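Please read the structure below before turning to the comments.
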Amino acid sequence: MLIKRIVKKTLNVKRHKVLKVVEKGDQIEIHMDVCKRRRLPCGTCQRLSAQRDRLKQRRFKHVPLWGIPVVLLYRPVRVTCTVCGGIRVENIPFSQGKSRMTTGLLWTLSAMAKILPWKTVAQMYQVSWNTVQAAVKQAVDYGVNHRDVGSVIYIGIDEISRRKGHKYATVVYDLTEKRILWMGEGRKKETLEEFFKEHGKALKGTLKAVCCDMWQSYIDVIEQNVEEDVVMVFDKFHIVGHLNKAVDEVRKEEARTLKKDNPELLKKTRYIWLKNPENLTDKQRSRLGYLEKLNLKVNRAYLLKESFRDFWDYTYRKSAKKYLAKWFWWATHSRLEPLRDFAWMLRGHQEGIMNYFKCRITNGVTEGMNNKAKTVIKRCYGFRTIPTLKLALYHCLGKLPEPKFMHRFV
Ligand SMILES: [Zn+2]
């Protein structure tokens with residue numbers, strides 16, 4: 001009796017009832033029936049219609065109970081629908097379409113797939129990997145159809161690689177809600193154009209700023225697709241990344257020239273120059289102290305890098321601009337080619353860099369999400385294809401809505 005009640009309650013059915021619950025073999029069979037004479041929603045148009053006849057019995061795999069497999073047995077009803085003008089199958093409340101699983105099981109699988117490798121989920125619930133994928137897909141489809149993208153103010157555009165140095169994907173984040181909005185294969189012009197084709201309209205009116213790297217293909221597409229008053233801000237973290245790369249190039253170059261006379265001097269110093277000084281270990285700090293006394297090129301690059309940090313702290317745009325001009329002079333007169341190149345790159349993108357003082361957004365939050373994305377990718381090494389990867393990322397990082405009426409089985 002108790003199980004019958006629980007089944008009815010968790011399935012949340014109003015026009016259907018639990019006939020009996022029996023143990024058969026090693027599984028629990030739940031026989032469902034319809035309440036006679038109740039009008040049922042038509043499977044096509046949802047209009048409540050009169051019952052006509054029954055189809056043959058179908059079996060629906062349901063959420064296991066204490067590790068025991070559970071099956072629902074039910075003969076779907078055909079209704080006479082006046083709207084559709086004919087005989088239609090009812091809208092079965094606990095399953096969808098031709099699925100051989102209950103909606104409850106599908107949402108359970110997709111919920112578990114958020115935190116566990118899909119393979120593990122498949123083993124736990126004795127279904128195939130493809131079933132788990134299908135469950136995630138229906139959850140993502142539902143979420144994408146029901147999510148609200150009409151209130152996005154700031155977006156961040158970034159790229160992630162599937163494996164180190166391998167294929168890239170372009171990802172668009174909602175910086176306020178900290179969620180993935182979109183992902184596309186590649187990092188070309190066409191990739192980002194695809195995003196604006198899908199969401200450009202919905203963003204109009206609310207979008208205030210876009211944060212991205214100084215990447216010409218992206219810049220072109222953004223300029224073509226957003227309204228004039230939308231601010232394009234070049235991402236602080238990407239800029240710092242470029243600067244760090246320049247410093248590292250100076251170190252590498254100098255290490256090469258020192259190889260003959262003093263091969264040990266710059267060995268294992270890479271992170272000493274790249275880290276912020278407050279994050280250095282005691283050992284690294286004392287080594288830096290020693291290296292600073294030598295007249296090294298990399299030390300000059302390091303000082304330039306450190307002084308660039310002050311740029312971000314300015315409150316007023318004008319003062320920041322003045323400082324940037326000063327820094328530009330230092331860098332271009334440093335006789336360090338990588339730093340000079342970096343400075344010229346800044347000059348070429350000055351407006352977007354200065355926009356940071358108009359709108360202080362960075363892709364900093366995407367960094368955290370990128371790390372999570374990497375975990376998702378690693379956890380599910382079954383993702384050989386981009387569409388599956390996209391599915392997994394939307395699922396884990398899209399903050400997609402779920403239906404509310406459902407009982408949560410996990
Ligand atoms: Zn109908």
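Here, A, B, ... name the chains of the structure tokens in the order displayed, residue numbers run from 1 inside each chain, and ligands are numbered from 1 in the same displayed order.
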
Quiz item: Taking only C-alpha atoms and all ligand atoms into account, which residues are within 10 Å of ligand 1, as a ChimeraX atom specification?
Solution: /A:41-49,79-91

Quiz item: Would you give me, as a PyMOL selection string, the residues in stretch 86-216 of chain A that DSSP reads as helix (DSSP H, G or I)?
Solution: chain A and resi 103-115+118-124+129-146+189-203+216

Please produce, as a Markdown table, a per-residue contact table for stretch 246-294 of chain A versus stretch 304-317 of chain A (criterion: any atom at most 9 Å away, only C-alpha atoms considered), showing the nearest atom pair and its distance in Å to one decimal, sorted by chain then residue number.
```
| residue | atom | partner | partner_atom | distance |
| --- | --- | --- | --- | --- |
| A:Val247 | CA | A:Lys305 | CA | 7.4 |
| A:Trp273 | CA | A:Lys305 | CA | 8.9 |
| A:Leu274 | CA | A:Lys305 | CA | 8.6 |
| A:Asn276 | CA | A:Glu306 | CA | 7.9 |
| A:Pro277 | CA | A:Glu306 | CA | 8.7 |
```

Practice problem: Within stretch 118-234 of chain A, find each residue whose DSSP state, derived from the backbone, is strand (DSSP E), and express the selection as a PyMOL selection string. | Solution: chain A and resi 154-161+168-174+179-185+209-212+231-234

For the residues in that selection, give me N, CA and C atoms as a short mmCIF file (atom, residue, chain, number, x, y, z; two decimals), in the first residue's frame.
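Contents of part.cif, as written:
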```cif
data_model
loop_
_atom_site.label_atom_id
_atom_site.label_comp_id
_atom_site.auth_asym_id
_atom_site.auth_seq_id
_atom_site.Cartn_x
_atom_site.Cartn_y
_atom_site.Cartn_z
N TYR A 154 26.31 41.60 -19.85
CA TYR A 154 27.71 41.49 -20.25
C TYR A 154 28.00 40.08 -20.76
N ILE A 155 28.65 40.00 -21.92
CA ILE A 155 29.10 38.68 -22.35
C ILE A 155 30.62 38.67 -22.46
N GLY A 156 31.18 37.53 -22.20
CA GLY A 156 32.62 37.33 -22.35
C GLY A 156 32.85 36.27 -23.40
N ILE A 157 33.79 36.52 -24.29
CA ILE A 157 34.08 35.54 -25.33
C ILE A 157 35.47 34.99 -25.10
N ASP A 158 35.56 33.70 -25.11
CA ASP A 158 36.82 33.05 -24.79
C ASP A 158 36.95 31.79 -25.63
N GLU A 159 38.11 31.18 -25.57
CA GLU A 159 38.21 29.91 -26.26
C GLU A 159 38.77 28.85 -25.33
N ILE A 160 38.36 27.63 -25.59
CA ILE A 160 38.93 26.53 -24.83
C ILE A 160 39.39 25.47 -25.82
N SER A 161 40.42 24.73 -25.40
CA SER A 161 40.87 23.66 -26.26
C SER A 161 40.43 22.35 -25.66
N TYR A 168 40.16 23.86 -31.03
CA TYR A 168 39.60 24.92 -30.21
C TYR A 168 38.10 25.04 -30.37
N ALA A 169 37.49 25.57 -29.35
CA ALA A 169 36.08 25.90 -29.42
C ALA A 169 35.92 27.31 -28.88
N THR A 170 34.98 28.04 -29.44
CA THR A 170 34.68 29.38 -28.95
C THR A 170 33.52 29.28 -27.97
N VAL A 171 33.70 29.93 -26.83
CA VAL A 171 32.66 29.87 -25.82
C VAL A 171 32.21 31.28 -25.46
N VAL A 172 30.91 31.46 -25.38
CA VAL A 172 30.37 32.75 -24.97
C VAL A 172 29.72 32.60 -23.60
N TYR A 173 30.16 33.45 -22.67
CA TYR A 173 29.66 33.39 -21.30
C TYR A 173 28.77 34.58 -20.98
N ASP A 174 27.82 34.34 -20.12
CA ASP A 174 27.06 35.41 -19.51
C ASP A 174 27.84 35.76 -18.24
N ARG A 179 27.39 31.83 -16.47
CA ARG A 179 26.94 30.61 -17.13
C ARG A 179 27.40 30.62 -18.58
N ILE A 180 27.51 29.43 -19.14
CA ILE A 180 27.82 29.32 -20.57
C ILE A 180 26.55 29.59 -21.35
N LEU A 181 26.66 30.49 -22.31
CA LEU A 181 25.49 30.78 -23.14
C LEU A 181 25.52 29.98 -24.42
N TRP A 182 26.73 29.82 -24.93
CA TRP A 182 26.86 29.24 -26.26
C TRP A 182 28.25 28.67 -26.45
N MET A 183 28.33 27.67 -27.29
CA MET A 183 29.64 27.14 -27.66
C MET A 183 29.63 26.72 -29.12
N GLY A 184 30.72 26.98 -29.82
CA GLY A 184 30.80 26.58 -31.22
C GLY A 184 32.18 26.07 -31.56
N GLU A 185 32.24 25.20 -32.53
CA GLU A 185 33.52 24.60 -32.91
C GLU A 185 34.39 25.62 -33.65
N ALA A 209 27.97 45.43 -22.84
CA ALA A 209 29.40 45.32 -23.14
C ALA A 209 29.80 43.88 -23.47
N VAL A 210 30.88 43.79 -24.23
CA VAL A 210 31.44 42.50 -24.61
C VAL A 210 32.90 42.49 -24.19
N CYS A 211 33.33 41.42 -23.57
CA CYS A 211 34.72 41.31 -23.14
C CYS A 211 35.39 40.19 -23.93
N CYS A 212 36.54 40.51 -24.54
CA CYS A 212 37.21 39.47 -25.32
C CYS A 212 38.69 39.78 -25.48
N VAL A 231 29.81 48.50 -25.57
CA VAL A 231 31.24 48.73 -25.37
C VAL A 231 32.02 47.43 -25.55
N MET A 232 33.09 47.49 -26.31
CA MET A 232 33.97 46.33 -26.42
C MET A 232 35.17 46.53 -25.51
N VAL A 233 35.32 45.65 -24.55
CA VAL A 233 36.42 45.77 -23.58
C VAL A 233 37.39 44.62 -23.82
N PHE A 234 38.67 44.95 -23.96
CA PHE A 234 39.63 43.87 -24.09
C PHE A 234 39.96 43.32 -22.71
#
```

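Across the model, the gap from atom CA of A:Val226 to atom CA of A:Glu351 is 16.7 Å.
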
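Among the candidate residues A:Cys359, A:Leu109, A:Ile219, A:Leu397, the one lying nearest to A:Lys372 is A:Leu397, with distances computed using only C-alpha atoms.
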
Practice problem: Using only C-alpha atoms, find the one residue out of A:Val298, A:Ala113, A:Leu192, A:Ala246 that sits nearest to A:Leu266. | Solution: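 Looking at the shortest contact to A:Leu266, the residue is A:Val298.
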
Practice problem: Can you pull out every residue within 9 Å of A:Phe196, counting only C-alpha atoms, but drop anything in the same chain fewer than 6 positions away, and send it as a ChimeraX atom specification? | Solution: /A:203,221-222,225-226

Keeping only N, CA and C atoms, take the residues you just selected and write them out as a PDB file, in the first residue's frame.
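As a result, result-v7.pdb now contains:
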```pdb
ATOM      1  N   LEU A 203      19.696  39.617 -27.653  1.00  0.00           N
ATOM      2  CA  LEU A 203      20.599  40.449 -26.853  1.00  0.00           C
ATOM      3  C   LEU A 203      20.383  41.943 -27.078  1.00  0.00           C
ATOM      4  N   VAL A 221      33.663  40.654 -36.075  1.00  0.00           N
ATOM      5  CA  VAL A 221      32.312  40.103 -35.943  1.00  0.00           C
ATOM      6  C   VAL A 221      31.507  40.865 -34.895  1.00  0.00           C
ATOM      7  N   ILE A 222      32.149  41.197 -33.792  1.00  0.00           N
ATOM      8  CA  ILE A 222      31.440  41.923 -32.729  1.00  0.00           C
ATOM      9  C   ILE A 222      30.987  43.280 -33.249  1.00  0.00           C
ATOM     10  N   ASN A 225      27.978  43.104 -35.354  1.00  0.00           N
ATOM     11  CA  ASN A 225      26.747  42.508 -34.849  1.00  0.00           C
ATOM     12  C   ASN A 225      26.123  43.149 -33.620  1.00  0.00           C
ATOM     13  N   VAL A 226      26.836  44.059 -32.971  1.00  0.00           N
ATOM     14  CA  VAL A 226      26.213  44.675 -31.793  1.00  0.00           C
ATOM     15  C   VAL A 226      25.854  46.124 -32.107  1.00  0.00           C
TER      16      VAL A 226
END
```

Exercise. Just give me the gap between atom CA of A:Thr108 and atom CA of A:Phe409 in Å, one decimal is fine.
Key: 6.1 Å

Exercise. Calculate how many Å separate atom CA of A:Leu291 from atom CA of A:Asp261, rounding to one decimal.
Key: 15.8 Å

Practice problem: Write out as a list of chain:residue names each polymer residue whose atoms come within 8 Å of A:Val250, counting only C-alpha atoms; drop sequence neighbours fewer than 6 positions from it. | Solution: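 So the residues in contact are A:Lys297, A:Val298, A:Ala301, A:Leu336, A:Pro338.
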
Practice problem: Could you give me, as a PyMOL selection string, the residues within 12 Å of A:Pro93, counting only C-alpha atoms and dropping anything in the same chain fewer than 2 positions from it? | Solution: chain A and resi 8+10-17+32-34+40-43+46+74+76-77+89-91+95-97+102-104+405-406

I need the chosen residues saved as a short mmCIF file (atom, residue, chain, number, x, y, z; two decimals), in the first residue's frame, with C-alpha atoms.
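And here is the file that came out, out32.cif:
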```
data_model
loop_
_atom_site.label_atom_id
_atom_site.label_comp_id
_atom_site.auth_asym_id
_atom_site.auth_seq_id
_atom_site.Cartn_x
_atom_site.Cartn_y
_atom_site.Cartn_z
CA LYS A 8 1.41 7.76 -7.34
CA THR A 10 6.19 10.77 -7.09
CA LEU A 11 4.77 10.24 -10.57
CA ASN A 12 2.44 13.12 -9.88
CA VAL A 13 -0.44 11.63 -11.86
CA LYS A 14 -4.00 12.86 -11.55
CA ARG A 15 -5.92 10.92 -14.14
CA HIS A 16 -4.05 7.69 -13.67
CA LYS A 17 -3.74 5.23 -10.82
CA MET A 32 -0.58 1.49 -14.02
CA ASP A 33 -4.10 2.13 -15.18
CA VAL A 34 -6.23 5.05 -16.24
CA LEU A 40 -7.25 12.81 -21.08
CA PRO A 41 -5.00 15.34 -22.78
CA CYS A 42 -4.41 14.62 -26.46
CA GLY A 43 -0.77 13.78 -27.11
CA GLN A 46 -3.06 18.70 -25.13
CA TYR A 74 0.75 0.54 -18.91
CA PRO A 76 -1.77 3.84 -23.34
CA VAL A 77 -5.23 5.19 -24.17
CA VAL A 89 -2.67 8.73 -28.38
CA GLU A 90 -3.00 10.41 -24.99
CA ASN A 91 -0.19 12.44 -23.51
CA SER A 95 6.87 9.37 -20.19
CA GLN A 96 7.54 11.22 -23.38
CA GLY A 97 6.91 10.18 -26.96
CA THR A 102 9.96 7.29 -17.53
CA THR A 103 10.55 11.02 -17.39
CA GLY A 104 11.63 10.51 -13.79
CA PHE A 405 6.51 20.00 -11.30
CA MET A 406 8.79 16.99 -11.16
#
```

Exercise. Please provide the set of residues having any atom within 12 Å of A:Gln138, restricted to only C-alpha atoms, with same-chain residues fewer than 5 positions apart removed, written as a list in words.
Key: Gln96, Gly97, Ser99, Thr103, Leu105, Leu106, Trp107, Thr108, Leu109, Ser110, Ala111, Thr131, Val132, Gln133, Gly143, Val144, Asn145, Leu391, Ala392, Tyr394, His395, Leu400, Glu402 and Pro403 of chain A

Practice problem: Would you list the contacts of A:Arg347 as a VMD selection string, taking every protein, DNA or RNA residue within 9 Å and counting only C-alpha atoms, but skipping same-chain residues closer than 5 positions in sequence? | Solution: chain A and resid 325 328 342

Self-check item: Option closest in space to A:Glu337, from A:Arg78, A:Arg251, A:Lys197, A:Arg379 [counting only C-alpha atoms]
Solution: A:Arg251

Exercise. Would you mind telling me which residue in A:Ala135, A:Val127, A:Met369, A:Leu116 lies nearest to A:Pro64 when using only C-alpha atoms?
Key: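 Selected residue with least distance to A:Pro64: A:Val127.
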